[in-house]
file work35.cif (mmCIF, C-alpha atoms)
data_structure
#
loop_
_atom_site.label_atom_id
_atom_site.label_comp_id
_atom_site.auth_asym_id
_atom_site.auth_seq_id
_atom_site.Cartn_x
_atom_site.Cartn_y
_atom_site.Cartn_z
CA MET A 1 151.24 124.72 176.89
CA SER A 2 148.38 123.45 179.02
CA ASP A 3 146.16 126.31 178.11
CA SER A 4 143.04 124.76 176.73
CA ILE A 5 140.80 122.00 177.96
CA LEU A 6 137.46 121.46 176.29
CA ILE A 7 134.61 120.12 178.39
CA VAL A 8 132.00 118.41 176.23
CA HIS A 9 129.03 118.03 178.54
CA CYS A 10 125.46 116.84 178.33
CA ALA A 11 122.47 119.10 178.83
CA GLU A 12 121.24 117.09 181.79
CA GLY A 13 123.11 115.94 184.91
CA ALA A 14 126.50 117.23 183.82
CA LYS A 15 125.17 120.68 182.96
CA LYS A 16 123.53 120.89 186.36
CA ALA A 17 126.74 119.79 188.04
CA LEU A 18 128.65 122.55 186.24
CA ALA A 19 126.00 125.08 187.30
CA ARG A 20 126.14 123.83 190.88
CA MET A 21 129.91 124.16 190.84
CA THR A 22 129.61 127.84 189.89
CA GLU A 23 126.82 128.49 192.40
CA GLU A 24 129.05 127.13 195.13
CA GLY A 25 131.74 129.62 194.16
CA HIS A 26 134.04 127.19 192.38
CA GLU A 27 134.87 129.02 189.20
CA LEU A 28 136.82 127.29 186.46
CA PRO A 29 139.98 128.98 185.18
CA PRO A 30 139.74 130.51 181.70
CA GLN A 31 141.69 127.61 180.22
CA PHE A 32 138.46 125.62 180.27
CA LYS A 33 135.96 125.93 177.43
CA THR A 34 132.61 124.19 177.40
CA PHE A 35 130.54 122.66 174.63
CA GLU A 36 127.06 121.34 175.22
CA LEU A 37 125.44 118.33 173.60
CA PRO A 38 121.93 117.06 174.33
CA CYS A 39 123.52 113.85 175.61
CA THR A 40 127.11 112.64 175.69
CA GLY A 41 125.84 109.64 173.73
CA SER A 42 126.07 111.84 170.65
CA VAL A 43 129.76 112.58 171.11
CA ASN A 44 131.88 111.10 168.36
CA GLU A 45 135.54 110.42 167.74
CA VAL A 46 135.80 113.10 165.04
CA LEU A 47 134.74 115.80 167.51
CA LEU A 48 137.28 114.59 170.06
CA MET A 49 140.18 114.09 167.65
CA GLU A 50 139.67 117.31 165.70
CA ASN A 51 139.49 119.43 168.86
CA LEU A 52 142.74 117.92 170.06
CA GLN A 53 144.30 118.39 166.65
CA ASN A 54 143.12 122.01 166.53
CA GLY A 55 144.90 122.98 169.73
CA ALA A 56 143.03 121.72 172.77
CA ASN A 57 145.37 120.01 175.17
CA GLY A 58 142.62 117.85 176.47
CA VAL A 59 138.97 117.01 176.05
CA VAL A 60 136.86 116.01 179.04
CA VAL A 61 133.61 114.33 178.16
CA LEU A 62 131.32 115.07 181.07
CA GLY A 63 128.21 112.96 181.39
CA CYS A 64 125.59 112.05 183.94
CA ARG A 65 126.43 109.66 186.71
CA ARG A 66 126.65 106.03 185.59
CA GLU A 67 123.19 104.45 185.47
CA ASN A 68 121.66 107.92 185.74
CA CYS A 69 121.80 108.96 182.10
CA LYS A 70 118.53 110.56 181.10
CA HIS A 71 118.86 108.77 177.79
CA LEU A 72 119.59 105.48 179.59
CA ASP A 73 123.05 104.65 178.26
CA GLY A 74 124.34 107.71 176.41
CA ASN A 75 127.15 108.18 178.91
CA LEU A 76 128.24 104.56 178.51
CA LYS A 77 128.30 104.96 174.73
CA ALA A 78 130.44 108.06 175.21
CA GLU A 79 132.77 106.08 177.46
CA ARG A 80 133.41 103.59 174.65
CA LYS A 81 134.17 106.41 172.18
CA VAL A 82 136.54 107.97 174.69
CA ALA A 83 138.25 104.62 175.17
CA ARG A 84 138.78 104.31 171.42
CA VAL A 85 140.28 107.79 171.16
CA LYS A 86 142.53 107.09 174.14
CA ARG A 87 143.79 103.96 172.41
CA LEU A 88 144.36 105.88 169.16
CA LEU A 89 146.34 108.60 170.94
CA SER A 90 148.40 106.02 172.76
CA GLU A 91 149.14 103.91 169.67
CA ALA A 92 150.01 107.01 167.64
CA GLY A 93 152.39 108.14 170.37
CA VAL A 94 150.64 111.50 170.74
CA GLU A 95 152.25 113.44 173.57
CA GLY A 96 150.76 116.11 175.78
CA LYS A 97 147.15 115.47 174.77
CA PHE A 98 144.47 113.62 176.67
CA VAL A 99 140.84 112.68 176.59
CA GLU A 100 138.93 111.64 179.69
CA MET A 101 135.42 110.55 180.58
CA VAL A 102 134.05 112.09 183.76
CA TYR A 103 130.68 111.48 185.37
CA ALA A 104 128.96 113.98 187.65
CA ALA A 105 125.67 114.23 189.45
CA PRO A 106 123.94 117.61 189.93
CA ASP A 107 125.00 117.75 193.60
CA GLU A 108 128.69 117.14 192.94
CA GLY A 109 129.86 120.65 192.14
CA LYS A 110 132.84 120.62 194.49
CA ARG A 111 134.08 117.18 193.50
CA LEU A 112 133.72 118.06 189.84
CA HIS A 113 135.71 121.26 190.33
CA GLU A 114 138.53 119.33 191.99
CA THR A 115 138.52 116.69 189.27
CA LEU A 116 138.72 119.26 186.48
CA LEU A 117 141.44 121.28 188.17
CA GLY A 118 143.35 118.02 188.55
CA TYR A 119 143.61 117.69 184.78
CA LEU A 120 144.88 121.24 184.52
CA ARG A 121 147.51 120.67 187.21
CA ALA A 122 148.62 117.41 185.60
CA GLY A 123 149.14 119.24 182.31
CA GLU A 124 151.11 122.01 183.98
CA ALA A 125 153.29 119.49 185.80
CA GLU A 126 153.97 117.75 182.48
CA ASP A 127 154.95 121.07 180.89
CA LYS A 128 157.41 121.81 183.71
CA SER A 129 159.01 118.40 183.39
CA LYS A 130 159.86 119.03 179.74
CA MET B 1 129.46 94.10 151.47
CA ILE B 2 133.18 93.76 151.93
CA VAL B 3 134.06 93.92 155.61
CA ALA B 4 137.37 95.34 156.75
CA GLU B 5 138.99 96.73 159.86
CA GLN B 6 141.57 99.40 160.38
CA LYS B 7 145.14 98.34 160.96
CA PRO B 8 146.57 99.37 164.33
CA ILE B 9 147.76 102.94 163.96
CA ASN B 10 151.31 102.08 165.01
CA MET B 11 151.50 99.70 162.04
CA ILE B 12 150.23 102.45 159.76
CA LEU B 13 152.83 104.82 161.17
CA ASP B 14 155.57 102.27 160.55
CA MET B 15 154.52 102.03 156.88
CA LEU B 16 154.46 105.76 156.26
CA PRO B 17 157.69 107.58 155.38
CA GLU B 18 158.50 110.58 157.54
CA ASN B 19 158.29 114.20 156.37
CA LYS B 20 156.22 113.36 153.32
CA ARG B 21 152.87 114.70 152.16
CA VAL B 22 150.26 112.09 152.99
CA LEU B 23 146.86 111.86 151.35
CA VAL B 24 144.40 109.70 153.28
CA VAL B 25 141.72 108.44 150.88
CA GLY B 26 138.48 106.94 152.14
CA CYS B 27 135.97 104.83 150.27
CA ASP B 28 132.29 105.68 150.67
CA THR B 29 130.86 102.25 149.92
CA CYS B 30 131.41 98.95 151.78
CA VAL B 31 134.06 100.10 154.24
CA THR B 32 131.95 103.11 155.19
CA VAL B 33 129.11 100.82 156.18
CA CYS B 34 131.41 98.65 158.28
CA LEU B 35 132.88 101.78 159.89
CA ALA B 36 136.43 101.08 158.77
CA GLY B 37 137.30 103.49 155.98
CA GLY B 38 134.63 106.07 155.22
CA GLU B 39 134.71 109.84 155.49
CA LYS B 40 134.42 109.79 159.28
CA GLU B 41 137.28 107.35 159.65
CA VAL B 42 139.39 109.45 157.28
CA LYS B 43 138.90 112.45 159.59
CA ILE B 44 139.80 110.44 162.69
CA LEU B 45 142.89 108.84 161.15
CA SER B 46 144.05 112.11 159.58
CA ALA B 47 143.78 113.89 162.93
CA ALA B 48 145.73 111.08 164.61
CA LEU B 49 148.48 111.26 161.98
CA ARG B 50 148.75 115.04 162.36
CA MET B 51 149.36 114.61 166.10
CA ALA B 52 151.41 111.43 165.91
CA ARG B 53 154.98 110.80 167.10
CA LYS B 54 156.09 110.65 163.46
CA GLN B 55 156.09 113.97 161.62
CA PHE B 56 154.63 114.46 158.17
CA ALA B 57 154.97 117.47 155.90
CA GLU B 58 151.22 117.45 155.42
CA VAL B 59 148.27 115.17 156.04
CA LYS B 60 145.17 115.67 153.91
CA GLY B 61 142.02 113.59 153.87
CA ILE B 62 139.47 112.94 151.15
CA SER B 63 136.86 110.31 150.41
CA ILE B 64 135.54 109.04 147.10
CA GLU B 65 132.49 107.01 146.13
CA ARG B 66 134.37 103.81 145.24
CA GLN B 67 138.07 103.06 145.05
CA CYS B 68 137.43 99.92 142.99
CA ASP B 69 136.16 102.05 140.11
CA GLY B 70 138.43 104.15 137.92
CA GLU B 71 135.64 106.60 137.18
CA PHE B 72 135.70 107.81 140.77
CA ILE B 73 139.45 107.53 141.25
CA ALA B 74 139.96 109.91 138.33
CA GLU B 75 138.23 112.63 140.36
CA ILE B 76 141.17 112.90 142.76
CA ARG B 77 144.06 113.00 140.27
CA GLU B 78 144.96 116.52 141.33
CA GLN B 79 145.02 115.77 145.07
CA VAL B 80 147.09 112.66 144.48
CA ALA B 81 149.53 114.63 142.32
CA GLN B 82 150.07 117.02 145.23
CA SER B 83 150.92 114.23 147.66
CA ASP B 84 153.91 111.92 148.09
CA VAL B 85 152.11 108.95 149.62
CA VAL B 86 148.53 107.74 149.35
CA LEU B 87 147.11 105.97 152.38
CA SER B 88 144.08 104.08 151.13
CA MET B 89 141.26 103.28 153.52
CA ALA B 90 139.59 100.95 151.00
CA CYS B 91 139.49 97.17 150.80
CA GLY B 92 142.32 95.34 149.04
CA ALA B 93 140.61 95.78 145.68
CA GLY B 94 140.48 99.53 146.14
CA VAL B 95 144.11 99.77 147.22
CA GLN B 96 145.18 97.83 144.11
CA MET B 97 143.05 99.94 141.79
CA MET B 98 144.53 103.09 143.27
CA SER B 99 147.98 101.61 142.84
CA ASP B 100 147.28 100.81 139.17
CA PHE B 101 145.86 104.27 138.60
CA PHE B 102 148.79 106.07 140.19
CA PRO B 103 151.82 103.84 139.48
CA GLU B 104 154.21 106.69 140.28
CA LYS B 105 152.89 106.93 143.87
CA ALA B 106 153.28 104.71 146.88
CA VAL B 107 149.77 103.54 147.73
CA LEU B 108 149.62 101.98 151.19
CA PRO B 109 146.79 100.04 152.86
CA ALA B 110 145.29 101.38 156.09
CA LEU B 111 142.85 98.48 156.42
CA ASN B 112 142.90 94.73 156.65
CA THR B 113 140.22 93.29 154.36
CA LEU B 114 138.40 90.48 156.12
CA PHE B 115 135.42 89.01 154.27
CA MET B 116 132.17 89.45 152.38
CA GLY B 117 129.41 89.63 154.91
CA SER B 118 126.46 91.33 156.47
CA ASN B 119 125.76 93.71 159.30
CA GLU B 120 124.09 91.69 162.04
CA GLY B 121 123.67 94.49 164.55
CA ALA B 122 125.55 97.44 165.99
CA GLY B 123 129.24 96.61 165.75
CA TYR B 124 128.71 93.03 164.56
CA TRP B 125 129.50 91.75 161.05
CA LEU B 126 129.26 88.16 159.92
CA GLU B 127 130.88 86.41 156.96
CA ARG B 128 128.25 85.21 154.49
CA CYS B 129 130.04 84.42 151.25
CA LEU B 130 133.41 82.99 150.24
CA GLY B 131 133.04 83.89 146.60
CA CYS B 132 133.57 80.22 145.74
CA GLY B 133 132.14 80.60 142.22
CA ASP B 134 129.76 77.67 142.60
CA CYS B 135 126.71 78.82 144.55
CA VAL B 136 124.56 76.13 146.18
CA LEU B 137 122.22 78.39 148.12
CA ASP B 138 119.26 76.99 146.15
CA LEU B 139 119.89 73.61 147.80
CA THR B 140 120.59 74.89 151.30
CA ALA B 141 117.71 77.25 151.96
CA GLY B 142 119.79 80.36 151.39
CA ILE B 143 122.42 79.48 153.99
CA CYS B 144 125.91 78.87 152.67
CA PRO B 145 127.49 75.64 153.98
CA ARG B 146 130.94 76.66 152.77
CA THR B 147 130.88 79.84 154.79
CA ARG B 148 128.57 79.17 157.70
CA CYS B 149 129.89 75.66 158.47
CA SER B 150 133.31 76.06 160.08
CA LYS B 151 134.57 73.05 158.12
CA GLY B 152 132.82 73.98 154.90
CA LEU B 153 131.14 70.57 154.80
CA MET B 154 128.76 69.77 151.96
CA ASN B 155 126.72 66.91 153.41
CA GLY B 156 125.43 67.79 156.82
CA PRO B 157 126.99 68.57 160.18
CA CYS B 158 130.02 66.97 161.78
CA GLY B 159 130.10 65.50 165.28
CA GLY B 160 130.97 68.89 166.71
CA SER B 161 127.44 70.21 166.36
CA GLU B 162 125.67 70.33 169.70
CA ASN B 163 122.48 72.14 170.68
CA GLY B 164 122.61 74.03 167.43
CA LYS B 165 126.08 75.38 168.14
CA CYS B 166 129.44 74.74 166.50
CA GLU B 167 132.28 73.23 168.52
CA VAL B 168 134.61 75.95 167.20
CA ASP B 169 132.82 78.49 169.42
CA PRO B 170 129.89 76.86 171.25
CA GLU B 171 128.94 80.11 172.97
CA ASN B 172 128.58 82.35 169.94
CA LEU B 173 128.69 80.35 166.73
CA ASP B 174 125.65 78.64 165.24
CA CYS B 175 126.17 75.34 163.47
CA GLY B 176 125.67 76.22 159.81
CA TRP B 177 124.23 72.83 159.01
CA ASN B 178 121.77 73.03 161.88
CA LEU B 179 120.58 76.36 160.47
CA ILE B 180 120.21 74.77 157.04
CA TYR B 181 118.33 71.78 158.45
CA GLN B 182 115.95 73.92 160.51
CA ARG B 183 115.15 76.24 157.64
CA LEU B 184 114.64 73.44 155.12
CA LYS B 185 112.37 71.73 157.65
CA SER B 186 110.28 74.86 158.07
CA LEU B 187 110.04 75.08 154.27
CA ASN B 188 109.03 71.41 154.11
CA ARG B 189 111.99 70.80 151.81
CA LEU B 190 114.09 68.31 153.79
CA ASP B 191 114.12 66.05 150.74
CA THR B 192 116.73 68.34 149.18
CA LEU B 193 119.21 67.02 151.75
CA MET B 194 118.88 63.43 150.59
CA PRO B 195 121.22 63.38 147.56
CA ILE B 196 124.91 63.15 148.40
CA ARG B 197 126.64 66.28 147.19
CA PRO B 198 130.00 65.93 145.49
CA PRO B 199 133.00 67.70 146.99
CA GLN B 200 133.33 71.40 146.29
CA ASP B 201 134.68 72.19 142.84
CA TRP B 202 137.40 74.59 143.90
CA SER B 203 138.49 75.09 140.30
CA LYS B 204 135.80 77.76 140.17
CA SER B 205 137.22 79.45 143.22
CA HIS B 206 140.69 80.85 143.73
CA ASP B 207 142.40 78.73 141.12
CA GLY B 208 144.37 79.65 138.04
CA GLY B 209 145.22 83.19 139.05
CA PRO B 210 142.91 86.09 139.72
CA ARG B 211 139.35 85.32 138.77
CA ARG B 212 137.87 87.34 135.96
CA LEU B 213 134.31 87.95 134.90
CA ILE B 214 133.88 88.99 131.30
CA ARG B 215 130.44 89.64 129.86
CA GLU B 216 130.28 89.96 126.10
CA ASP B 217 126.84 91.60 126.31
CA VAL B 218 128.27 94.51 128.28
CA LYS B 219 131.51 94.98 126.33
CA LEU B 220 131.86 98.07 124.17
#

call {"tool": "encode", "arguments": {"input": "work35.cif", "output": "structure tokens"}}
result
Amino acid sequence: MSDSILIVHCAEGAKKALARMTEEGHELPPQFKTFELPCTGSVNEVLLMENLQNGANGVVVLGCRRENCKHLDGNLKAERKVARVKRLLSEAGVEGKFVEMVYAAPDEGKRLHETLLGYLRAGEAEDKSK
Amino acid sequence: MIVAEQKPINMILDMLPENKRVLVVGCDTCVTVCLAGGEKEVKILSAALRMARKQFAEVKGISIERQCDGEFIAEIREQVAQSDVVLSMACGAGVQMMSDFFPEKAVLPALNTLFMGSNEGAGYWLERCLGCGDCVLDLTAGICPRTRCSKGLMNGPCGGSENGKCEVDPENLDCGWNLIYQRLKSLNRLDTLMPIRPPQDWSKSHDGGPRRLIREDVKL
């Protein structure tokens, strides 16, 4: 069931992008939950793996635009953690779970909405194909 | 510290028998520092095993202070008794100690043990000691020629030393003997390089079975 996607977002650019998305009338479906960190640089593999293990179908780590991280390179550190978890999931043959790194600037509400809905649709399509 | 790295998870999955109760045991000393087998890594690996293609009856995770010390291993007797397989995230010494302690259990290694070394920076560990049993660091300004020289030479660099780098990896690897020379020079101790050193006495290294250290003053 593609019924739960956790968005782990930073308190800077990504938070503003999520707010902008809502202000523009692009609401996220209830399948999405959000979790705020000061910076995505503090995301770790335990947080990602345990949320997937505990039922989330996917975790989207949402950080500031590349080269626009308020903490300089927090989003790039997060990208490396996400890459490791992706590799782990792939090597372990975990099916129906994903983790993705997404970057968003405060003025990208619409694009962000489309990107996030894309993950939901991909999960639903996968469910139907089973 | 002992430096290790985690085996690829598909190799770990191949080792583990299906439908069994798995206990993942971390070690809170060396392999925690090198981010291979501490409490955090236990949580990550356990979560991966719970979601993996292979099914297990149960996956539990725990970490102890040192797996190379029976005193700490004894603390998890109960958890081990309730499992079918122990997946040790310790170095090779820890895995073997666990195996000795619980001979009725399959104890499997989740890590590949690499070397004794140091943390040189974020995500970078360097081998520093071979455990050769015949330390010459007093003669080489605290830089081990057996470890830091790619050929383990005892009497200065080979022809592959150029601009302070080793021909094995000229981009990233310092010539051990250049390091020794530069440091001895700065200490005004270049004279220590003059005597010809005899070849390494490997009888003090890995020779005659597993090495043992017995101290009568500590025995009970």

call {"tool": "interface_residues", "arguments": {"input": "work35.cif", "of": "chain B", "to": "chain A", "cutoff": "6 Å", "atoms": "only C-alpha atoms", "output": "count of residues only"}}
result
7

call {"tool": "resolve_selection", "arguments": {"input": "work35.cif", "expression": "the PyMOL selection byres ((chain A and resi 27) around 12)", "output": "PDB file with C-alpha atoms, in the coordinates of the input"}}
result
ATOM      1  CA  LEU A  18     128.650 122.550 186.240  1.00  0.00           C
ATOM      2  CA  ALA A  19     126.000 125.080 187.300  1.00  0.00           C
ATOM      3  CA  ARG A  20     126.140 123.830 190.880  1.00  0.00           C
ATOM      4  CA  MET A  21     129.910 124.160 190.840  1.00  0.00           C
ATOM      5  CA  THR A  22     129.610 127.840 189.890  1.00  0.00           C
ATOM      6  CA  GLU A  23     126.820 128.490 192.400  1.00  0.00           C
ATOM      7  CA  GLU A  24     129.050 127.130 195.130  1.00  0.00           C
ATOM      8  CA  GLY A  25     131.740 129.620 194.160  1.00  0.00           C
ATOM      9  CA  HIS A  26     134.040 127.190 192.380  1.00  0.00           C
ATOM     10  CA  LEU A  28     136.820 127.290 186.460  1.00  0.00           C
ATOM     11  CA  PRO A  29     139.980 128.980 185.180  1.00  0.00           C
ATOM     12  CA  PRO A  30     139.740 130.510 181.700  1.00  0.00           C
ATOM     13  CA  GLN A  31     141.690 127.610 180.220  1.00  0.00           C
ATOM     14  CA  PHE A  32     138.460 125.620 180.270  1.00  0.00           C
ATOM     15  CA  GLY A 109     129.860 120.650 192.140  1.00  0.00           C
ATOM     16  CA  LYS A 110     132.840 120.620 194.490  1.00  0.00           C
ATOM     17  CA  LEU A 112     133.720 118.060 189.840  1.00  0.00           C
ATOM     18  CA  HIS A 113     135.710 121.260 190.330  1.00  0.00           C
ATOM     19  CA  GLU A 114     138.530 119.330 191.990  1.00  0.00           C
ATOM     20  CA  LEU A 116     138.720 119.260 186.480  1.00  0.00           C
ATOM     21  CA  LEU A 117     141.440 121.280 188.170  1.00  0.00           C
TER      22      LEU A 117
END

call {"tool": "resolve_selection", "arguments": {"input": "work35.cif", "expression": "the PyMOL selection byres ((chain B and resi 157) around 8)", "output": "PyMOL selection string"}}
result
chain B and resi 149+153+155-156+158-161+175-178

call {"tool": "residues_near_point", "arguments": {"input": "work35.cif", "point": "(153.3, 116.4, 159.8)", "cutoff": "12 Å", "atoms": "all atoms listed in the file", "output": "ChimeraX atom specification"}}
result
/A:53 /B:13,16-23,46-60

call {"tool": "axis_aligned_box", "arguments": {"input": "work35.cif", "around": "stretch 164-180 of chain B", "padding_each_side": "4 Å", "output": "JSON"}}
result
{"center_x": 127.4, "center_y": 77.6, "center_z": 165.0, "size_x": 22.4, "size_y": 17.5, "size_z": 23.9}

call {"tool": "atom_distance", "arguments": {"input": "work35.cif", "atom1": "atom CA of B:Ala90", "atom2": "atom CA of B:Ile12"}}
result
13.9 Å

call {"tool": "atom_distance", "arguments": {"input": "work35.cif", "atom1": "atom CA of B:Arg66", "atom2": "atom CA of B:Gly37"}}
result
11.1 Å

call {"tool": "atom_distance", "arguments": {"input": "work35.cif", "atom1": "atom CA of B:Ser205", "atom2": "atom CA of B:Leu139"}}
result
18.9 Å

call {"tool": "resolve_selection", "arguments": {"input": "work35.cif", "expression": "the PyMOL selection byres ((chain B and resi 109) around 6)", "output": "list in words"}}
result
Leu87, Ser88, Leu108, Ala110 and Leu111 of chain B

call {"tool": "residues_around", "arguments": {"input": "work35.cif", "residues": "B:Gly117", "least_positions_apart": "5", "cutoff": "9 Å", "atoms": "only C-alpha atoms", "output": "MDAnalysis selection string"}}
result
chainID B and resid 1:3 125:129

call {"tool": "write_last_selection", "arguments": {"input": "work35.cif", "atoms": "C-alpha atoms", "output": "CSV table (one decimal), keeping the file's coordinate frame"}}
result
chain,number,residue,atom,x,y,z
B,1,MET,CA,129.5,94.1,151.5
B,2,ILE,CA,133.2,93.8,151.9
B,3,VAL,CA,134.1,93.9,155.6
B,125,TRP,CA,129.5,91.8,161.0
B,126,LEU,CA,129.3,88.2,159.9
B,127,GLU,CA,130.9,86.4,157.0
B,128,ARG,CA,128.2,85.2,154.5
B,129,CYS,CA,130.0,84.4,151.2

call {"tool": "residues_around", "arguments": {"input": "work35.cif", "residues": "B:Ile143", "least_positions_apart": "2", "cutoff": "8 Å", "atoms": "only C-alpha atoms", "output": "PDB file with C-alpha atoms, in the coordinates of the input"}}
result
ATOM      1  CA  LEU B 137     122.220  78.390 148.120  1.00  0.00           C
ATOM      2  CA  THR B 140     120.590  74.890 151.300  1.00  0.00           C
ATOM      3  CA  ALA B 141     117.710  77.250 151.960  1.00  0.00           C
ATOM      4  CA  PRO B 145     127.490  75.640 153.980  1.00  0.00           C
ATOM      5  CA  ARG B 148     128.570  79.170 157.700  1.00  0.00           C
ATOM      6  CA  GLY B 176     125.670  76.220 159.810  1.00  0.00           C
ATOM      7  CA  LEU B 179     120.580  76.360 160.470  1.00  0.00           C
ATOM      8  CA  ILE B 180     120.210  74.770 157.040  1.00  0.00           C
TER       9      ILE B 180
END

call {"tool": "closest_residue", "arguments": {"input": "work35.cif", "among": "B:Thr192, B:Thr32, B:Gln67, B:Ser150", "to": "B:Pro170", "atoms": "all atoms listed in the file"}}
result
B:Ser150

call {"tool": "closest_residue", "arguments": {"input": "work35.cif", "among": "A:Leu72, A:Ala17, A:Ala125, A:Ala78", "to": "A:Leu37", "atoms": "all atoms listed in the file"}}
result
A:Ala78

call {"tool": "decode", "arguments": {"input": "work35.cif", "residues": "stretch 39-62 of chain A", "atoms": "N, CA and C atoms", "output": "PDB file, in the first residue's frame"}}
result
ATOM      1  N   CYS A  39      18.517  21.289   9.641  1.00  0.00           N
ATOM      2  CA  CYS A  39      19.176  21.234   8.340  1.00  0.00           C
ATOM      3  C   CYS A  39      19.189  19.771   7.918  1.00  0.00           C
ATOM      4  N   THR A  40      19.055  19.505   6.634  1.00  0.00           N
ATOM      5  CA  THR A  40      19.067  18.098   6.208  1.00  0.00           C
ATOM      6  C   THR A  40      20.437  17.455   6.459  1.00  0.00           C
ATOM      7  N   GLY A  41      21.444  18.290   6.726  1.00  0.00           N
ATOM      8  CA  GLY A  41      22.760  17.748   7.044  1.00  0.00           C
ATOM      9  C   GLY A  41      22.738  16.867   8.287  1.00  0.00           C
ATOM     10  N   SER A  42      21.711  17.046   9.124  1.00  0.00           N
ATOM     11  CA  SER A  42      21.646  16.227  10.335  1.00  0.00           C
ATOM     12  C   SER A  42      20.823  14.954  10.141  1.00  0.00           C
ATOM     13  N   VAL A  43      20.362  14.715   8.939  1.00  0.00           N
ATOM     14  CA  VAL A  43      19.641  13.462   8.689  1.00  0.00           C
ATOM     15  C   VAL A  43      20.638  12.310   8.804  1.00  0.00           C
ATOM     16  N   ASN A  44      20.181  11.178   9.297  1.00  0.00           N
ATOM     17  CA  ASN A  44      21.104  10.037   9.332  1.00  0.00           C
ATOM     18  C   ASN A  44      20.414   8.774   8.843  1.00  0.00           C
ATOM     19  N   GLU A  45      21.220   7.778   8.576  1.00  0.00           N
ATOM     20  CA  GLU A  45      20.705   6.553   7.963  1.00  0.00           C
ATOM     21  C   GLU A  45      19.734   5.815   8.885  1.00  0.00           C
ATOM     22  N   VAL A  46      19.933   5.953  10.210  1.00  0.00           N
ATOM     23  CA  VAL A  46      19.034   5.263  11.145  1.00  0.00           C
ATOM     24  C   VAL A  46      17.622   5.827  11.000  1.00  0.00           C
ATOM     25  N   LEU A  47      17.518   7.145  10.939  1.00  0.00           N
ATOM     26  CA  LEU A  47      16.216   7.800  10.777  1.00  0.00           C
ATOM     27  C   LEU A  47      15.532   7.309   9.496  1.00  0.00           C
ATOM     28  N   LEU A  48      16.285   7.250   8.432  1.00  0.00           N
ATOM     29  CA  LEU A  48      15.698   6.846   7.145  1.00  0.00           C
ATOM     30  C   LEU A  48      15.289   5.374   7.170  1.00  0.00           C
ATOM     31  N   MET A  49      16.197   4.519   7.616  1.00  0.00           N
ATOM     32  CA  MET A  49      15.924   3.071   7.598  1.00  0.00           C
ATOM     33  C   MET A  49      14.804   2.697   8.561  1.00  0.00           C
ATOM     34  N   GLU A  50      14.808   3.297   9.740  1.00  0.00           N
ATOM     35  CA  GLU A  50      13.796   2.894  10.739  1.00  0.00           C
ATOM     36  C   GLU A  50      12.414   3.395  10.347  1.00  0.00           C
ATOM     37  N   ASN A  51      12.311   4.537   9.672  1.00  0.00           N
ATOM     38  CA  ASN A  51      11.000   4.985   9.201  1.00  0.00           C
ATOM     39  C   ASN A  51      10.476   4.074   8.104  1.00  0.00           C
ATOM     40  N   LEU A  52      11.361   3.628   7.252  1.00  0.00           N
ATOM     41  CA  LEU A  52      10.933   2.683   6.205  1.00  0.00           C
ATOM     42  C   LEU A  52      10.507   1.359   6.841  1.00  0.00           C
ATOM     43  N   GLN A  53      11.323   0.906   7.768  1.00  0.00           N
ATOM     44  CA  GLN A  53      11.029  -0.356   8.451  1.00  0.00           C
ATOM     45  C   GLN A  53       9.710  -0.272   9.223  1.00  0.00           C
ATOM     46  N   ASN A  54       9.409   0.890   9.771  1.00  0.00           N
ATOM     47  CA  ASN A  54       8.206   1.044  10.589  1.00  0.00           C
ATOM     48  C   ASN A  54       6.953   1.382   9.779  1.00  0.00           C
ATOM     49  N   GLY A  55       7.034   1.259   8.471  1.00  0.00           N
ATOM     50  CA  GLY A  55       5.799   1.351   7.694  1.00  0.00           C
ATOM     51  C   GLY A  55       5.759   2.383   6.595  1.00  0.00           C
ATOM     52  N   ALA A  56       6.649   3.370   6.629  1.00  0.00           N
ATOM     53  CA  ALA A  56       6.621   4.352   5.543  1.00  0.00           C
ATOM     54  C   ALA A  56       7.015   3.664   4.243  1.00  0.00           C
ATOM     55  N   ASN A  57       6.290   3.999   3.188  1.00  0.00           N
ATOM     56  CA  ASN A  57       6.658   3.424   1.895  1.00  0.00           C
ATOM     57  C   ASN A  57       7.867   4.129   1.295  1.00  0.00           C
ATOM     58  N   GLY A  58       7.976   5.390   1.653  1.00  0.00           N
ATOM     59  CA  GLY A  58       9.100   6.140   1.123  1.00  0.00           C
ATOM     60  C   GLY A  58       9.472   7.280   2.045  1.00  0.00           C
ATOM     61  N   VAL A  59      10.717   7.700   1.946  1.00  0.00           N
ATOM     62  CA  VAL A  59      11.168   8.884   2.672  1.00  0.00           C
ATOM     63  C   VAL A  59      11.790   9.829   1.652  1.00  0.00           C
ATOM     64  N   VAL A  60      11.274  11.062   1.644  1.00  0.00           N
ATOM     65  CA  VAL A  60      11.848  12.094   0.781  1.00  0.00           C
ATOM     66  C   VAL A  60      12.610  13.057   1.678  1.00  0.00           C
ATOM     67  N   VAL A  61      13.886  13.168   1.424  1.00  0.00           N
ATOM     68  CA  VAL A  61      14.682  14.153   2.168  1.00  0.00           C
ATOM     69  C   VAL A  61      14.682  15.422   1.327  1.00  0.00           C
ATOM     70  N   LEU A  62      14.109  16.465   1.904  1.00  0.00           N
ATOM     71  CA  LEU A  62      13.885  17.701   1.151  1.00  0.00           C
ATOM     72  C   LEU A  62      14.791  18.798   1.698  1.00  0.00           C
TER      73      LEU A  62
END
